[in-house]
$ cat my_file-v6.txt   # compact mmCIF, C-alpha atoms
# COMPACT_ATOMS: atom_id res chain seq x y z
CA GLN V 1 110.85 12.31 35.97
CA VAL V 2 109.63 8.75 36.60
CA GLN V 3 111.98 5.96 37.58
CA LEU V 4 110.89 2.37 38.08
CA VAL V 5 113.01 -0.21 39.87
CA GLU V 6 112.00 -3.88 40.00
CA SER V 7 113.15 -6.36 42.60
CA GLY V 8 112.27 -9.83 43.82
CA GLY V 9 113.18 -11.96 40.86
CA GLY V 10 115.20 -15.13 41.14
CA LEU V 11 115.32 -18.86 40.66
CA VAL V 12 112.42 -20.95 41.92
CA GLN V 13 111.23 -24.49 41.40
CA ALA V 14 108.05 -25.20 39.50
CA GLY V 15 105.08 -24.90 41.83
CA GLY V 16 106.82 -22.29 43.95
CA SER V 17 106.09 -18.63 44.57
CA LEU V 18 107.78 -15.28 44.18
CA ARG V 19 106.76 -11.70 44.85
CA LEU V 20 108.01 -8.96 42.59
CA SER V 21 108.10 -5.34 43.66
CA CYS V 22 108.29 -2.17 41.60
CA ALA V 23 109.43 0.98 43.37
CA TYR V 24 108.21 4.17 41.69
CA SER V 25 110.06 7.46 41.97
CA GLY V 26 108.35 10.59 40.75
CA PRO V 27 104.99 12.31 40.90
CA LEU V 28 101.45 11.11 40.31
CA PHE V 29 101.88 7.44 41.22
CA SER V 30 98.40 7.12 42.65
CA VAL V 31 96.81 8.22 39.38
CA SER V 32 99.12 6.30 37.06
CA ALA V 33 98.15 3.06 35.41
CA MET V 34 100.68 0.40 36.29
CA GLY V 35 101.48 -2.96 34.81
CA TRP V 36 103.78 -5.94 34.70
CA TYR V 37 105.08 -7.21 31.38
CA ARG V 38 107.38 -10.10 30.62
CA GLN V 39 109.63 -11.15 27.81
CA ALA V 40 110.93 -14.66 27.33
CA PRO V 41 113.90 -15.42 25.06
CA GLY V 42 112.88 -15.26 21.42
CA LYS V 43 109.40 -13.98 22.23
CA GLN V 44 107.70 -10.60 22.20
CA ARG V 45 107.09 -8.68 25.38
CA GLU V 46 103.62 -9.41 26.70
CA LEU V 47 101.32 -7.88 29.29
CA VAL V 48 101.01 -10.05 32.39
CA ALA V 49 98.81 -7.91 34.64
CA SER V 50 97.68 -4.33 35.01
CA ILE V 51 96.17 -2.16 37.71
CA THR V 52 94.57 1.25 37.46
CA GLY V 53 94.94 4.07 39.92
CA GLY V 54 91.57 3.06 41.32
CA GLY V 55 92.66 -0.53 41.81
CA ALA V 56 90.91 -2.25 38.92
CA THR V 57 92.96 -5.22 37.73
CA ASP V 58 93.32 -7.28 34.60
CA TYR V 59 95.33 -10.40 33.85
CA ALA V 60 96.60 -12.38 30.93
CA ASP V 61 94.68 -15.64 30.60
CA SER V 62 97.89 -17.60 31.17
CA VAL V 63 98.30 -16.25 34.71
CA LYS V 64 94.71 -15.87 35.91
CA GLY V 65 94.22 -17.57 39.24
CA ARG V 66 97.97 -17.82 39.85
CA PHE V 67 99.22 -14.22 39.86
CA SER V 68 97.93 -11.24 41.80
CA ILE V 69 98.79 -7.60 41.13
CA SER V 70 98.47 -4.94 43.80
CA ARG V 71 99.69 -1.48 44.66
CA ASP V 72 100.44 0.51 47.79
CA ASN V 73 99.94 4.14 46.89
CA PRO V 74 101.49 5.71 50.03
CA LYS V 75 104.61 3.59 49.47
CA LYS V 76 104.58 4.19 45.70
CA THR V 77 105.10 0.50 45.14
CA MET V 78 103.45 -2.09 42.95
CA TYR V 79 103.60 -5.82 43.53
CA LEU V 80 103.13 -9.02 41.61
CA GLN V 81 102.49 -12.09 43.73
CA MET V 82 103.22 -15.14 41.62
CA SER V 83 102.14 -18.58 42.77
CA THR V 84 102.12 -22.05 41.27
CA LEU V 85 104.89 -20.96 38.96
CA LYS V 86 105.45 -22.90 35.76
CA PHE V 87 108.50 -23.34 33.59
CA GLU V 88 106.81 -21.20 30.93
CA ASP V 89 106.68 -18.26 33.37
CA THR V 90 110.44 -17.93 32.95
CA ALA V 91 111.13 -14.46 31.56
CA VAL V 92 112.42 -11.02 32.34
CA TYR V 93 109.64 -9.14 34.10
CA TYR V 94 109.28 -5.41 33.54
CA CYS V 95 107.40 -2.77 35.46
CA ASN V 96 105.47 -0.22 33.40
CA SER V 97 103.70 3.03 34.19
CA LYS V 98 101.41 5.12 32.05
CA HIS V 99 100.09 8.64 32.59
CA SER V 100 98.66 11.15 30.15
CA ILE V 101 101.20 13.82 31.14
CA LEU V 102 104.21 11.74 32.25
CA GLY V 103 103.96 9.31 29.37
CA GLU V 104 105.04 5.68 29.47
CA ASN V 105 107.97 4.48 31.51
CA TRP V 106 109.76 1.15 31.97
CA GLY V 107 111.95 -0.41 34.60
CA GLN V 108 115.16 -2.26 33.83
CA GLY V 109 113.60 -5.68 34.39
CA THR V 110 114.12 -8.53 36.80
CA GLN V 111 114.80 -12.12 35.81
CA VAL V 112 112.46 -14.88 36.92
CA THR V 113 113.64 -18.40 36.24
CA VAL V 114 111.43 -21.39 37.00
CA SER V 115 113.14 -24.76 37.02
CA SER V 116 111.09 -27.76 35.97
$ encode --input "my_file-v6.txt" --output "structure tokens"
Amino acid sequence: QVQLVESGGGLVQAGGSLRLSCAYSGPLFSVSAMGWYRQAPGKQRELVASITGGGATDYADSVKGRFSISRDNPKKTMYLQMSTLKFEDTAVYYCNSKHSILGENWGQGTQVTVSS
């Protein structure tokens, strides 16, 4: 019932910026908790940032002050604005949604590569 499609990844130099988007198809977007996760080669998937239906946000310590998560409920889209990118931000970034009835859903991921 829920499909998530990420876009906006790519190759960027250290210090640069990218904006990721997650397009949500299905019901109940505005009341779903949304998040961005990432997984680097050889590492576990980790939470980068999350946003509730009401707009409350949380960030991993490693990205605080550099990344900003937001959502546009009428457009059913979530964003991750990434600035001052570092080599260690290189990873596949995944969109995630959670709802008590719809369960947990994942996108297919988008690659972000930061060159040093």
$ atom_distance --input "my_file-v6.txt" --atom1 "atom CA of Lys75 of chain V" --atom2 "atom CA of Pro27 of chain V"
12.2 Å
$ residues_around --input "my_file-v6.txt" --residues "Asp89 of chain V" --least-positions-apart "2" --cutoff "9 Å" --atoms "all atoms listed in the file" --output "count of residues only"
10
$ closest_residue --input "my_file-v6.txt" --among "V:Asn96, V:Gln39, V:Ser83, V:Thr77" --to "Ser21 of chain V" --atoms "only C-alpha atoms"
V:Thr77
$ closest_residue --input "my_file-v6.txt" --among "V:Thr110, V:Ala56, V:Ile101, V:Val48" --to "Val2 of chain V" --atoms "all atoms listed in the file"
V:Ile101
$ closest_residue --input "my_file-v6.txt" --among "V:Asp72, V:Glu88, V:Asp61, V:Glu46" --to "Gly15 of chain V" --atoms "all atoms listed in the file"
V:Glu88
$ residues_around --input "my_file-v6.txt" --residues "Ala49 of chain V" --least-positions-apart "3" --cutoff "8 Å" --atoms "only C-alpha atoms" --output "VMD selection string"
chain V and resid 35 to 37 57 to 60 68 to 69
$ closest_residue --input "my_file-v6.txt" --among "V:Ser50, V:Gln111, V:Thr84, V:Ser32" --to "His99 of chain V" --atoms "only C-alpha atoms"
V:Ser32
$ atom_distance --input "my_file-v6.txt" --atom1 "atom CA of Trp106 of chain V" --atom2 "atom CA of Leu11 of chain V"
22.5 Å
$ atom_distance --input "my_file-v6.txt" --atom1 "atom CA of Ser116 of chain V" --atom2 "atom CA of Lys64 of chain V"
20.2 Å
$ closest_residue --input "my_file-v6.txt" --among "V:Gly65, V:Gly54, V:Gly9, V:Gly26" --to "Tyr94 of chain V" --atoms "all atoms listed in the file"
V:Gly9
$ closest_residue --input "my_file-v6.txt" --among "V:Gln108, V:Gln44, V:Ser115, V:Ser100" --to "Ala23 of chain V" --atoms "only C-alpha atoms"
V:Gln108
$ residues_around --input "my_file-v6.txt" --residues "Leu20 of chain V" --least-positions-apart "5" --cutoff "6 Å" --atoms "all atoms listed in the file" --output "JSON, numbers by chain"
{"V": [7, 8, 79, 80]}
